[in-house]
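A.B. asks: Following this line is work-v5.cif, made up of mmCIF, C-alpha atoms and all ligand atoms:
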```cif
data_protein
#
loop_
_atom_site.group_PDB
_atom_site.id
_atom_site.type_symbol
_atom_site.label_atom_id
_atom_site.label_comp_id
_atom_site.auth_asym_id
_atom_site.auth_seq_id
_atom_site.Cartn_x
_atom_site.Cartn_y
_atom_site.Cartn_z
ATOM 1 C CA MET G 1 94.162 105.728 119.829
ATOM 2 C CA LEU G 2 92.341 102.380 119.688
ATOM 3 C CA ASP G 3 90.193 103.693 116.872
ATOM 4 C CA PHE G 4 93.275 104.786 114.911
ATOM 5 C CA VAL G 5 95.058 101.452 115.230
ATOM 6 C CA GLN G 6 91.928 99.499 114.329
ATOM 7 C CA THR G 7 91.500 101.724 111.288
ATOM 8 C CA ALA G 8 95.117 101.206 110.206
ATOM 9 C CA GLU G 9 94.802 97.438 110.670
ATOM 10 C CA GLU G 10 91.523 97.144 108.785
ATOM 11 C CA ALA G 11 92.810 99.318 105.941
ATOM 12 C CA ALA G 12 95.998 97.225 105.677
ATOM 13 C CA ARG G 13 93.985 93.974 105.589
ATOM 14 C CA ARG G 14 91.699 95.326 102.848
ATOM 15 C CA ALA G 15 94.757 96.402 100.876
ATOM 16 C CA GLY G 16 96.311 92.950 101.338
ATOM 17 C CA GLN G 17 93.212 91.341 99.839
ATOM 18 C CA ILE G 18 93.494 93.639 96.845
ATOM 19 C CA LEU G 19 97.157 92.693 96.333
ATOM 20 C CA ARG G 20 96.163 89.023 96.407
ATOM 21 C CA ALA G 21 93.301 89.599 93.964
ATOM 22 C CA TRP G 22 95.550 91.415 91.458
ATOM 23 C CA SER G 23 98.440 88.944 91.718
ATOM 24 C CA SER G 24 97.523 86.964 88.603
ATOM 25 C CA LYS G 25 96.381 89.776 86.308
ATOM 26 C CA PHE G 26 98.390 92.989 86.810
ATOM 27 C CA THR G 27 100.422 94.751 84.144
ATOM 28 C CA VAL G 28 103.701 96.511 84.932
ATOM 29 C CA ARG G 29 104.859 100.047 84.115
ATOM 30 C CA GLU G 30 108.249 101.607 84.819
ATOM 31 C CA LYS G 31 107.902 104.996 86.601
ATOM 32 C CA SER G 32 111.626 105.398 86.004
ATOM 33 C CA ARG G 33 114.347 102.824 85.340
ATOM 34 C CA SER G 34 113.688 99.734 87.525
ATOM 35 C CA ASN G 35 111.050 101.652 89.523
ATOM 36 C CA LEU G 36 107.938 99.553 88.895
ATOM 37 C CA VAL G 37 104.247 100.175 89.459
ATOM 38 C CA THR G 38 101.206 97.983 88.783
ATOM 39 C CA GLU G 39 97.432 98.323 88.980
ATOM 40 C CA ALA G 40 97.738 96.570 92.344
ATOM 41 C CA ASP G 41 99.726 99.496 93.827
ATOM 42 C CA GLU G 42 97.063 101.927 92.634
ATOM 43 C CA ALA G 43 94.038 99.840 93.637
ATOM 44 C CA SER G 44 95.564 99.199 97.057
ATOM 45 C CA GLN G 45 96.148 102.905 97.665
ATOM 46 C CA ALA G 46 92.635 103.803 96.471
ATOM 47 C CA ALA G 47 91.099 101.279 98.897
ATOM 48 C CA ILE G 48 93.220 102.456 101.833
ATOM 49 C CA PHE G 49 92.390 106.089 101.138
ATOM 50 C CA GLU G 50 88.680 105.440 100.678
ATOM 51 C CA PHE G 51 88.477 103.525 103.957
ATOM 52 C CA ILE G 52 90.522 105.900 106.133
ATOM 53 C CA HIS G 53 89.220 109.107 104.563
ATOM 54 C CA GLY G 54 85.687 107.786 105.085
ATOM 55 C CA ARG G 55 86.407 107.601 108.824
ATOM 56 C CA TYR G 56 88.586 110.689 109.165
ATOM 57 C CA PRO G 57 87.678 113.152 106.412
ATOM 58 C CA SER G 58 89.593 116.009 108.048
ATOM 59 C CA HIS G 59 92.968 114.205 108.196
ATOM 60 C CA GLY G 60 95.929 114.770 105.864
ATOM 61 C CA PHE G 61 97.298 112.015 103.596
ATOM 62 C CA CYS G 62 100.580 111.205 101.874
ATOM 63 C CA GLY G 63 100.809 108.088 99.702
ATOM 64 C CA GLU G 64 103.405 106.886 97.203
ATOM 65 C CA GLU G 65 101.075 106.763 94.201
ATOM 66 C CA GLY G 66 100.466 110.494 93.938
ATOM 67 C CA LEU G 67 98.383 110.934 97.083
ATOM 68 C CA SER G 68 98.980 114.244 98.837
ATOM 69 C CA ILE G 69 96.366 115.996 100.937
ATOM 70 C CA ASN G 70 97.657 118.599 103.353
ATOM 71 C CA GLU G 71 95.050 119.542 105.934
ATOM 72 C CA THR G 72 96.523 122.446 107.834
ATOM 73 C CA ASP G 73 93.658 122.369 110.360
ATOM 74 C CA SER G 74 94.363 118.757 111.374
ATOM 75 C CA PRO G 75 97.422 117.545 113.330
ATOM 76 C CA TYR G 76 97.015 114.084 111.754
ATOM 77 C CA ARG G 77 98.579 112.753 108.568
ATOM 78 C CA TRP G 78 98.434 109.180 107.236
ATOM 79 C CA VAL G 79 101.627 108.086 105.450
ATOM 80 C CA ILE G 80 100.926 105.175 103.123
ATOM 81 C CA ASP G 81 102.881 102.739 100.991
ATOM 82 C CA PRO G 82 100.137 100.654 99.373
ATOM 83 C CA LEU G 83 102.670 98.051 98.185
ATOM 84 C CA ASP G 84 106.224 98.100 99.488
ATOM 85 C CA GLY G 85 108.271 95.652 97.464
ATOM 86 C CA THR G 86 106.642 96.048 94.059
ATOM 87 C CA THR G 87 109.555 94.380 92.245
ATOM 88 C CA ASN G 88 109.199 91.318 94.480
ATOM 89 C CA TYR G 89 105.410 91.334 93.934
ATOM 90 C CA VAL G 90 105.886 91.461 90.164
ATOM 91 C CA HIS G 91 108.161 88.417 90.291
ATOM 92 C CA ALA G 92 105.968 86.566 92.833
ATOM 93 C CA PHE G 93 108.914 86.650 95.248
ATOM 94 C CA PRO G 94 107.041 86.490 98.568
ATOM 95 C CA TYR G 95 108.527 89.504 100.374
ATOM 96 C CA TYR G 96 106.282 92.559 100.144
ATOM 97 C CA CYS G 97 103.760 94.339 102.325
ATOM 98 C CA VAL G 98 101.333 97.189 102.914
ATOM 99 C CA SER G 99 102.588 99.965 105.190
ATOM 100 C CA ILE G 100 100.376 102.542 106.920
ATOM 101 C CA GLY G 101 101.601 105.057 109.496
ATOM 102 C CA LEU G 102 99.747 107.805 111.320
ATOM 103 C CA GLU G 103 101.575 110.935 112.356
ATOM 104 C CA CYS G 104 100.339 113.512 114.881
ATOM 105 C CA ARG G 105 102.122 116.880 114.816
ATOM 106 C CA GLY G 106 105.065 115.289 113.055
ATOM 107 C CA GLU G 107 105.411 112.315 115.437
ATOM 108 C CA MET G 108 104.489 108.764 114.384
ATOM 109 C CA ILE G 109 101.809 107.456 116.729
ATOM 110 C CA VAL G 110 100.452 104.346 114.958
ATOM 111 C CA GLY G 111 102.064 101.919 112.508
ATOM 112 C CA ALA G 112 100.669 98.926 110.636
ATOM 113 C CA VAL G 113 102.721 96.703 108.327
ATOM 114 C CA PHE G 114 100.831 93.787 106.795
ATOM 115 C CA ASP G 115 102.488 90.913 104.944
ATOM 116 C CA PRO G 116 99.609 89.302 103.014
ATOM 117 C CA VAL G 117 101.673 86.302 101.880
ATOM 118 C CA HIS G 118 102.405 85.081 105.396
ATOM 119 C CA ASP G 119 99.319 86.699 106.957
ATOM 120 C CA GLU G 120 101.496 88.641 109.408
ATOM 121 C CA MET G 121 100.073 91.855 110.886
ATOM 122 C CA PHE G 122 102.649 94.031 112.635
ATOM 123 C CA LEU G 123 101.147 96.839 114.727
ATOM 124 C CA ALA G 124 102.679 99.566 116.879
ATOM 125 C CA VAL G 125 101.187 102.305 119.027
ATOM 126 C CA ARG G 126 103.397 105.038 120.486
ATOM 127 C CA GLY G 127 104.059 104.242 124.148
ATOM 128 C CA GLN G 128 102.088 100.983 124.042
ATOM 129 C CA GLY G 129 104.474 98.563 122.341
ATOM 130 C CA ALA G 130 104.491 96.587 119.121
ATOM 131 C CA SER G 131 102.872 93.275 118.226
ATOM 132 C CA LEU G 132 102.833 90.599 115.555
ATOM 133 C CA ASN G 133 99.466 88.878 115.154
ATOM 134 C CA ARG G 134 98.624 90.174 118.668
ATOM 135 C CA ARG G 135 101.795 88.766 120.294
ATOM 136 C CA PRO G 136 104.144 91.391 121.819
ATOM 137 C CA LEU G 137 107.294 92.073 119.842
ATOM 138 C CA LYS G 138 110.811 92.590 121.119
ATOM 139 C CA CYS G 139 113.993 93.224 119.146
ATOM 140 C CA SER G 140 116.727 90.598 119.392
ATOM 141 C CA GLY G 141 119.346 90.708 122.133
ATOM 142 C CA ILE G 142 122.328 89.971 119.875
ATOM 143 C CA ASN G 143 125.027 92.587 120.412
ATOM 144 C CA GLU G 144 127.847 91.508 118.101
ATOM 145 C CA LEU G 145 127.823 92.333 114.417
ATOM 146 C CA SER G 146 129.665 89.070 113.709
ATOM 147 C CA GLN G 147 126.569 87.233 115.033
ATOM 148 C CA SER G 148 124.070 89.453 113.191
ATOM 149 C CA LEU G 149 121.864 89.289 110.154
ATOM 150 C CA VAL G 150 121.633 92.819 108.739
ATOM 151 C CA ILE G 151 119.939 94.262 105.651
ATOM 152 C CA ALA G 152 120.758 97.192 103.369
ATOM 153 C CA SER G 153 118.431 98.947 100.949
ATOM 154 C CA LEU G 154 120.251 100.116 97.842
ATOM 155 C CA PRO G 155 118.813 102.736 95.478
ATOM 156 C CA VAL G 156 116.320 101.262 92.980
ATOM 157 C CA ALA G 157 118.630 101.815 89.993
ATOM 158 C CA THR G 158 122.116 101.345 91.426
ATOM 159 C CA SER G 159 125.466 101.801 89.738
ATOM 160 C CA ALA G 160 128.411 99.738 90.941
ATOM 161 C CA HIS G 161 130.264 102.890 92.015
ATOM 162 C CA GLU G 162 127.674 104.268 94.406
ATOM 163 C CA LYS G 163 128.520 104.944 98.033
ATOM 164 C CA ALA G 164 125.587 102.696 99.014
ATOM 165 C CA VAL G 165 127.349 99.765 97.321
ATOM 166 C CA SER G 166 130.678 100.460 99.009
ATOM 167 C CA ARG G 167 128.905 100.660 102.397
ATOM 168 C CA PHE G 168 127.304 97.279 101.676
ATOM 169 C CA LEU G 169 130.734 95.816 100.847
ATOM 170 C CA THR G 170 132.274 97.310 103.992
ATOM 171 C CA VAL G 171 129.765 95.564 106.277
ATOM 172 C CA LEU G 172 129.818 92.284 104.296
ATOM 173 C CA PRO G 173 132.949 90.699 105.855
ATOM 174 C CA VAL G 174 132.079 91.930 109.372
ATOM 175 C CA ALA G 175 128.454 90.859 109.824
ATOM 176 C CA GLN G 176 127.332 87.233 109.883
ATOM 177 C CA SER G 177 125.256 88.020 106.799
ATOM 178 C CA VAL G 178 124.174 91.085 104.806
ATOM 179 C CA GLN G 179 121.018 90.915 102.680
ATOM 180 C CA ARG G 180 119.178 93.163 100.231
ATOM 181 C CA THR G 181 115.513 92.199 100.187
ATOM 182 C CA GLY G 182 113.391 94.772 98.310
ATOM 183 C CA SER G 183 110.940 95.842 101.028
ATOM 184 C CA ALA G 184 112.139 98.468 103.479
ATOM 185 C CA ALA G 185 108.924 98.387 105.525
ATOM 186 C CA LEU G 186 109.119 94.625 105.983
ATOM 187 C CA ASN G 187 112.809 94.894 106.861
ATOM 188 C CA LEU G 188 111.897 97.288 109.682
ATOM 189 C CA ALA G 189 109.085 94.992 110.835
ATOM 190 C CA ASN G 190 111.580 92.129 110.932
ATOM 191 C CA VAL G 191 114.025 94.175 113.039
ATOM 192 C CA ALA G 192 111.112 94.739 115.447
ATOM 193 C CA ALA G 193 110.318 91.014 115.379
ATOM 194 C CA GLY G 194 113.871 90.103 116.451
ATOM 195 C CA ARG G 195 114.580 88.287 113.184
ATOM 196 C CA VAL G 196 117.061 90.853 111.866
ATOM 197 C CA GLU G 197 119.532 92.904 113.918
ATOM 198 C CA GLY G 198 119.931 95.964 111.702
ATOM 199 C CA PHE G 199 118.781 97.735 108.533
ATOM 200 C CA TRP G 200 120.062 100.863 106.811
ATOM 201 C CA SER G 201 119.508 102.907 103.690
ATOM 202 C CA THR G 202 120.192 106.354 102.292
ATOM 203 C CA SER G 203 117.524 106.291 99.587
ATOM 204 C CA LEU G 204 114.149 105.892 101.288
ATOM 205 C CA LYS G 205 110.913 107.870 101.131
ATOM 206 C CA PRO G 206 108.630 108.695 104.086
ATOM 207 C CA TRP G 207 106.114 105.976 103.117
ATOM 208 C CA ASP G 208 108.848 103.287 103.156
ATOM 209 C CA MET G 209 109.699 104.101 106.783
ATOM 210 C CA ALA G 210 106.683 105.677 108.544
ATOM 211 C CA ALA G 211 105.084 102.598 110.103
ATOM 212 C CA GLY G 212 108.301 100.572 110.411
ATOM 213 C CA ILE G 213 110.268 103.047 112.496
ATOM 214 C CA LEU G 214 107.537 103.052 115.143
ATOM 215 C CA LEU G 215 107.533 99.237 115.150
ATOM 216 C CA VAL G 216 111.292 99.221 115.798
ATOM 217 C CA GLU G 217 111.146 101.875 118.529
ATOM 218 C CA GLU G 218 108.222 100.213 120.280
ATOM 219 C CA ALA G 219 109.995 96.834 120.164
ATOM 220 C CA GLY G 220 112.986 98.350 121.999
ATOM 221 C CA GLY G 221 115.150 99.135 118.979
ATOM 222 C CA ARG G 222 116.945 102.310 117.973
ATOM 223 C CA ILE G 223 116.476 104.638 115.007
ATOM 224 C CA SER G 224 118.904 107.301 113.768
ATOM 225 C CA LYS G 225 120.364 108.642 110.547
ATOM 226 C CA ILE G 226 123.398 106.694 109.362
ATOM 227 C CA ASP G 227 125.735 109.347 110.794
ATOM 228 C CA GLY G 228 124.083 108.844 114.198
ATOM 229 C CA SER G 229 122.170 112.131 114.150
ATOM 230 C CA HIS G 230 118.448 112.566 114.778
ATOM 231 C CA PHE G 231 116.215 110.672 112.306
ATOM 232 C CA ARG G 232 113.776 112.680 110.157
ATOM 233 C CA LEU G 233 110.990 111.064 108.159
ATOM 234 C CA GLU G 234 111.365 113.575 105.328
ATOM 235 C CA GLU G 235 115.047 112.712 104.816
ATOM 236 C CA PRO G 236 116.117 109.542 102.989
ATOM 237 C CA ASP G 237 118.606 108.085 105.429
ATOM 238 C CA LEU G 238 117.996 105.643 108.213
ATOM 239 C CA LEU G 239 119.807 103.220 110.495
ATOM 240 C CA ALA G 240 117.493 100.928 112.474
ATOM 241 C CA THR G 241 118.860 98.346 114.887
ATOM 242 C CA ASN G 242 117.849 96.172 117.812
ATOM 243 C CA GLY G 243 119.218 98.919 120.091
ATOM 244 C CA SER G 244 122.329 97.004 121.191
ATOM 245 C CA ASP G 245 126.016 97.833 120.608
ATOM 246 C CA ILE G 246 125.409 96.900 116.978
ATOM 247 C CA HIS G 247 124.090 100.414 116.411
ATOM 248 C CA GLU G 248 127.482 101.942 117.264
ATOM 249 C CA GLN G 249 129.338 99.198 115.365
ATOM 250 C CA LEU G 250 127.334 99.959 112.220
ATOM 251 C CA LEU G 251 127.715 103.740 112.640
ATOM 252 C CA THR G 252 131.484 103.271 112.616
ATOM 253 C CA LEU G 253 131.357 101.218 109.394
ATOM 254 C CA LEU G 254 128.740 103.257 107.510
ATOM 255 C CA VAL G 255 130.648 106.570 107.470
HETATM 256 C C1 LIG M 301 111.091 100.114 97.520
HETATM 257 C C2 LIG M 301 111.467 99.158 98.629
HETATM 258 C C3 LIG M 301 112.951 98.863 98.573
HETATM 259 C C4 LIG M 301 113.792 100.122 98.645
HETATM 260 C C5 LIG M 301 113.374 101.094 97.577
HETATM 261 C C6 LIG M 301 111.876 101.392 97.641
HETATM 262 P P1 LIG M 301 108.572 100.122 96.478
HETATM 263 O O1 LIG M 301 109.703 100.468 97.620
HETATM 264 O O2 LIG M 301 111.166 99.664 99.902
HETATM 265 O O3 LIG M 301 113.327 98.048 99.661
HETATM 266 O O4 LIG M 301 115.139 99.792 98.484
HETATM 267 O O5 LIG M 301 114.108 102.296 97.728
HETATM 268 O O6 LIG M 301 111.516 102.259 96.600
HETATM 269 O O7 LIG M 301 108.931 100.923 95.277
HETATM 270 O O8 LIG M 301 108.607 98.655 96.255
HETATM 271 O O9 LIG M 301 107.353 100.629 97.165
HETATM 272 CA CA CA M 302 108.208 101.562 99.133
HETATM 273 CA CA CA M 303 105.249 101.248 96.929
#
```
Could you take the file, read its structure, and then write that structure out as structure tokens?
Ligand code: IPD
Ligand code: CA
Ligand code: CA
C.D. replies:
Amino acid sequence: MLDFVQTAEEAARRAGQILRAWSSKFTVREKSRSNLVTEADEASQAAIFEFIHGRYPSHGFCGEEGLSINETDSPYRWVIDPLDGTTNYVHAFPYYCVSIGLECRGEMIVGAVFDPVHDEMFLAVRGQGASLNRRPLKCSGINELSQSLVIASLPVATSAHEKAVSRFLTVLPVAQSVQRTGSAALNLANVAAGRVEGFWSTSLKPWDMAAGILLVEEAGGRISKIDGSHFRLEEPDLLATNGSDIHEQLLTLLV
């Protein structure tokens, strides 16, 4: 396990350096409306893959920028978002990260989220806790939504009439504050760090969530779908909280 977490950390740091190096020279393409990609996303993924595949050539891989290697003989699969928060990165808004998760037989066992702007390395190992720059992490103890900072992820191209927008508006007058930030992985890391009480979305991909859900669970938080049922990485909906009564309070509002 130590080898896996060191590999995830080193890969995330290398990727962070690449994001920094590209920050003044990238060009932007739209994969679909408002869904941006840059050379930095691609170079970051290539570096992560080269490093991890070099160590574990038999493992499977799934990465946002067209990386899909299914190794049926291996129980391991790395789930990678080489740059989560591309829109923020493009605008030099300092809220983006690299996210790397390792799954074994469908269960997340290692997670690394690295914020290269603030040099924050969030790590989690199944059953061994979560840390931020080597200090143990614990979700916040706040248990009232009226005292909570919560975050929603809306779909990339959102229309005013979407259910995701009405859910956002429903929570708005109840929580202390509701934000939309542009990096799901960093939102999850911040729930684990006790800075944010809850985060939900119905439009995420496995690479947005893989590392972050383990961080939240290992920091004492709770993960479910937004109807309260069992979370699945392959499905787009997620409610992550600090594990207090806020989880139930949000479930009631997010119907
Ligand atoms: C996006 C971010 C955002 C979420 C979007 C994702 P990207 O990832 O995680 O918070 O709302 O659904 O696509 O495209 O910046 O890697
Ligand atoms: Ca993402
Ligand atoms: Ca991405």
A.B. asks: Once the PyMOL selection byres (((chain G and resi 112-123) around 9) and not hetatm) has been applied to the shown file, what residues remain in the selection, as a PyMOL selection string?
C.D. replies: chain G and resi 5+8-9+12-13+15-17+19-20+94-102+110-111+124-125+129-134+137+185-186+189+192-193+211-212+214-215
A.B. asks: Calculate how many Å separate atom CA of Ala152 of chain G from atom CA of Arg105 of chain G, rounding to one decimal.
C.D. replies: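 Going from atom CA of Ala152 of chain G over to atom CA of Arg105 of chain G covers 29.4 Å.
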A.B. asks: To test your reading of the syntax: which residues would the PyMOL selection byres (((not hetatm)) within 8 of (chain M and resi 302)) return for the file shown? Reply as a short mmCIF file (atom, residue, chain, number, x, y, z; two decimals) with C-alpha atoms, keeping the file's coordinate frame.
C.D. replies:
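Listing of expr.cif after writing:
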```cif
data_model
loop_
_atom_site.label_atom_id
_atom_site.label_comp_id
_atom_site.auth_asym_id
_atom_site.auth_seq_id
_atom_site.Cartn_x
_atom_site.Cartn_y
_atom_site.Cartn_z
CA GLU G 64 103.40 106.89 97.20
CA ASP G 81 102.88 102.74 100.99
CA LEU G 83 102.67 98.05 98.18
CA ASP G 84 106.22 98.10 99.49
CA GLY G 85 108.27 95.65 97.46
CA THR G 86 106.64 96.05 94.06
CA SER G 183 110.94 95.84 101.03
CA ALA G 184 112.14 98.47 103.48
CA ALA G 185 108.92 98.39 105.52
CA LEU G 204 114.15 105.89 101.29
CA LYS G 205 110.91 107.87 101.13
CA TRP G 207 106.11 105.98 103.12
CA ASP G 208 108.85 103.29 103.16
#
```
A.B. asks: How many Å lie between atom CA of Gln45 of chain G and atom CA of Glu71 of chain G, rounded to one decimal?
C.D. replies: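 Atom-to-atom, atom CA of Gln45 of chain G and atom CA of Glu71 of chain G are spaced 18.6 Å apart.
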A.B. asks: Could you check how far atom CA of Gln176 of chain G sits from atom CA of Ala240 of chain G, in Å to one decimal?
C.D. replies: 17.1 Å
A.B. asks: With the PyMOL selection byres (((chain G and resi 194) around 9) and not hetatm) as the selection, what would be picked from this file? Answer as a list of chain:residue names, please.
C.D. replies: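 Checking the PyMOL selection byres (((chain G and resi 194) around 9) and not hetatm) against this file, the residues are G:Leu137, G:Lys138, G:Cys139, G:Ser140, G:Gly141, G:Ala189, G:Asn190, G:Val191, G:Ala192, G:Ala193, G:Arg195, G:Val196, G:Glu197, G:Ala219, G:Asn242.
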A.B. asks: Which of these, G:Ala21, G:Leu67, G:Leu2, G:Ile151, has the shortest distance to ligand CA 303 (chain M) once you count all atoms listed in the file?
C.D. replies: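 Selected residue with least distance to ligand CA 303 (chain M): G:Leu67.
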A.B. asks: Just want the 6 Å neighbourhood of Asp245 of chain G, counted on all atoms listed in the file, with same-chain residues fewer than 2 positions away dropped. Output as a PyMOL selection string.
C.D. replies: chain G and resi 143+247-248
A.B. asks: Taking into account only C-alpha atoms and all ligand atoms, which residue in the set G:Arg77, G:Lys225, G:Lys31, G:His230 is nearest to ligand CA 303 (chain M)?
C.D. replies: G:Lys31
A.B. asks: Between G:Leu169, G:Arg126, G:Pro206, G:Arg14, single out the one closest to Phe61 of chain G, counting all atoms listed in the file.
C.D. replies: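 Between G:Leu169, G:Arg126, G:Pro206, G:Arg14, the residue approaching Phe61 of chain G most closely is G:Pro206.
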A.B. asks: Looking at all atoms listed in the file, which of G:Ala92, G:Val178, G:Met1, G:Met209 is the one that sits closest to ligand CA 303 (chain M)?
C.D. replies: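 Checking each candidate against ligand CA 303 (chain M), we get G:Met209 as the closest.
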A.B. asks: Between G:Leu36, G:Leu154, G:Ile109, G:Leu253, which has the minimum distance to Pro236 of chain G (counting only C-alpha atoms)?
C.D. replies: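 Nearest to Pro236 of chain G: G:Leu154.
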